[in-house]
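A quick write-up on the structure given underneath.
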Amino acid sequence: MSTVGTAAVILSLVAVAAPALAGDPEYGAYLASECFACHPKGQPVGPMPPLHLLPRDYIVQALREYRAGTRDNLAMSLVARNLSDEDIESLADYFQVMSAQLGGR
C-alpha cells in the first residue's frame with residue numbers, strides 16, 4: 001500500500017474512533033477559566049458540580065437556557081448571556097475532553 005493510501009486509512013479510522021466535536025476544545029479551555037471560579041476542576045467540592053462530570057448535551061442545553069433566561073440562576077445567566085453558540089459548543093467539547101483525561105462519567 002502506498003504512503004498516501006496508508007495515511008488515508010489511518011485518518012479514516014481516527015475519524016471514526018474520535019467523538020464528534022462541534023466546537024473547539026482549545027478555545028473552550030480558554031473560556032472555561034471563568035467557570036473554574038465556582039466549579040471545581042477535579043472531584044466534587046461544595047454545591048457546584050465539576051463540569052467534566054456532566055453530559056455534553058446537558059451542558060449545551062443548560063447554557064442555552066441560562067442565556068435565554070428560561071433557566072433560573074442569576075450568576076449563570078450573567079455568565080451565559082455573552083456566550084455565542086460556538087462558545088457553548090467549545091465549552092461543552094472542552095469538558096468532554098477533560099472528562100476523558102480525568103476519568104469522568
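We name chains A, B, ... following the order of the C-alpha cells; residues begin at 1 in each chain, and ligands are numbered from 1 as shown.
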Neighbours of A:Met76 within 10 Å (only C-alpha atoms; same-chain residues fewer than 6 positions away dropped), as a ChimeraX atom specification?
-> /A:35,62-63,65-67,69
Can you tell me how far atom CA of A:Glu89 sits from atom CA of A:Phe36, in Å to one decimal?
-> 17.3 Å
For atom CA of A:Pro44 and atom CA of A:Gly23, the interatomic separation in Å (one decimal) |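 Value for the atom CA of A:Pro44-atom CA of A:Gly23 distance: 25.6 Å.
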Close residues, A:Gly28 itself excluded, 6 Å, only C-alpha atoms, min 2 positions apart in chain, as a ChimeraX atom specification | /A:25-26,30-32,90-91,94
Take the residues from that selection and put them in a file with C-alpha atoms, as a PDB file, in the first residue's frame.
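See selection31.pdb below for the written result:
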ATOM      1  CA  PRO A  25     -11.916  22.344  22.791  1.00  0.00           C
ATOM      2  CA  GLU A  26      -8.808  24.559  22.945  1.00  0.00           C
ATOM      3  CA  TYR A  30      -9.696  29.389  27.384  1.00  0.00           C
ATOM      4  CA  LEU A  31     -13.359  30.177  28.100  1.00  0.00           C
ATOM      5  CA  ALA A  32     -13.526  27.679  30.982  1.00  0.00           C
ATOM      6  CA  SER A  90     -16.493  24.791  22.524  1.00  0.00           C
ATOM      7  CA  LEU A  91     -17.027  24.743  26.291  1.00  0.00           C
ATOM      8  CA  TYR A  94     -13.583  21.031  26.309  1.00  0.00           C
TER       9      TYR A  94
END
In Å, rounded to a single decimal, give me how far atom CA of A:Ser77 is from atom CA of A:Phe95.
-> 19.2 Å
Exercise: A:Leu54 partners within 9 Å, only C-alpha atoms, chain neighbours under 2 positions left out, as a PyMOL selection string | chain A and resi 49-52+56-59+95-96+99+104-105
Would you save the residues of that selection, restricted to N, CA and C atoms, as a short mmCIF file (atom, residue, chain, number, x, y, z; two decimals), in the first residue's frame?
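Now in out_9.cif:
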data_model
loop_
_atom_site.label_atom_id
_atom_site.label_comp_id
_atom_site.auth_asym_id
_atom_site.auth_seq_id
_atom_site.Cartn_x
_atom_site.Cartn_y
_atom_site.Cartn_z
N PRO A 49 -21.23 21.54 40.80
CA PRO A 49 -20.73 20.29 40.21
C PRO A 49 -19.50 20.53 39.34
N PRO A 50 -18.57 19.58 39.33
CA PRO A 50 -17.47 19.66 38.36
C PRO A 50 -18.07 19.47 36.96
N LEU A 51 -17.81 20.37 36.06
CA LEU A 51 -18.47 20.35 34.76
C LEU A 51 -18.05 19.17 33.89
N HIS A 52 -16.87 18.63 34.12
CA HIS A 52 -16.44 17.48 33.31
C HIS A 52 -17.21 16.21 33.67
N ARG A 56 -22.25 16.14 27.92
CA ARG A 56 -22.04 17.24 26.98
C ARG A 56 -23.35 17.92 26.60
N ASP A 57 -24.36 17.12 26.22
CA ASP A 57 -25.63 17.70 25.79
C ASP A 57 -26.31 18.48 26.90
N TYR A 58 -26.14 18.03 28.13
CA TYR A 58 -26.71 18.75 29.28
C TYR A 58 -26.06 20.13 29.41
N ILE A 59 -24.74 20.20 29.25
CA ILE A 59 -24.03 21.48 29.35
C ILE A 59 -24.53 22.44 28.27
N PHE A 95 -15.07 20.28 28.10
CA PHE A 95 -15.39 19.47 29.28
C PHE A 95 -15.49 17.99 28.93
N GLN A 96 -15.88 17.66 27.70
CA GLN A 96 -15.89 16.27 27.25
C GLN A 96 -14.47 15.73 27.18
N SER A 99 -13.16 15.31 30.66
CA SER A 99 -13.74 14.11 31.27
C SER A 99 -12.94 12.87 30.88
N GLY A 104 -13.81 10.91 33.89
CA GLY A 104 -15.15 11.34 34.31
C GLY A 104 -16.20 10.30 34.01
N ARG A 105 -17.38 10.75 33.77
CA ARG A 105 -18.57 9.90 33.59
C ARG A 105 -18.36 8.74 32.70
#
Pick from A:Met98, A:Val60, A:Ala29, A:Val45, whichever lies nearest to A:Ser84 using only C-alpha atoms |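 The answer is A:Val60, which sits nearest to A:Ser84.
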List the neighbours of A:Gly103 out to 10 Å using only C-alpha atoms; skip same-chain residues closer than 6 positions along the sequence, and give me the result as a ChimeraX atom specification.
-> /A:42,52-53,97
Go ahead and save the picked residues with N, CA and C atoms, as a PDB file, in the first residue's frame.
ATOM      1  N   GLY A  42     -11.638  19.070  39.664  1.00  0.00           N
ATOM      2  CA  GLY A  42     -11.493  17.639  39.927  1.00  0.00           C
ATOM      3  C   GLY A  42     -12.730  17.052  40.565  1.00  0.00           C
ATOM      4  N   HIS A  52     -16.867  18.627  34.120  1.00  0.00           N
ATOM      5  CA  HIS A  52     -16.443  17.477  33.311  1.00  0.00           C
ATOM      6  C   HIS A  52     -17.211  16.205  33.671  1.00  0.00           C
ATOM      7  N   LEU A  53     -17.978  16.240  34.763  1.00  0.00           N
ATOM      8  CA  LEU A  53     -18.786  15.081  35.144  1.00  0.00           C
ATOM      9  C   LEU A  53     -20.195  15.144  34.548  1.00  0.00           C
ATOM     10  N   VAL A  97     -13.562  16.503  26.619  1.00  0.00           N
ATOM     11  CA  VAL A  97     -12.151  16.103  26.549  1.00  0.00           C
ATOM     12  C   VAL A  97     -11.578  15.986  27.958  1.00  0.00           C
TER      13      VAL A  97
END
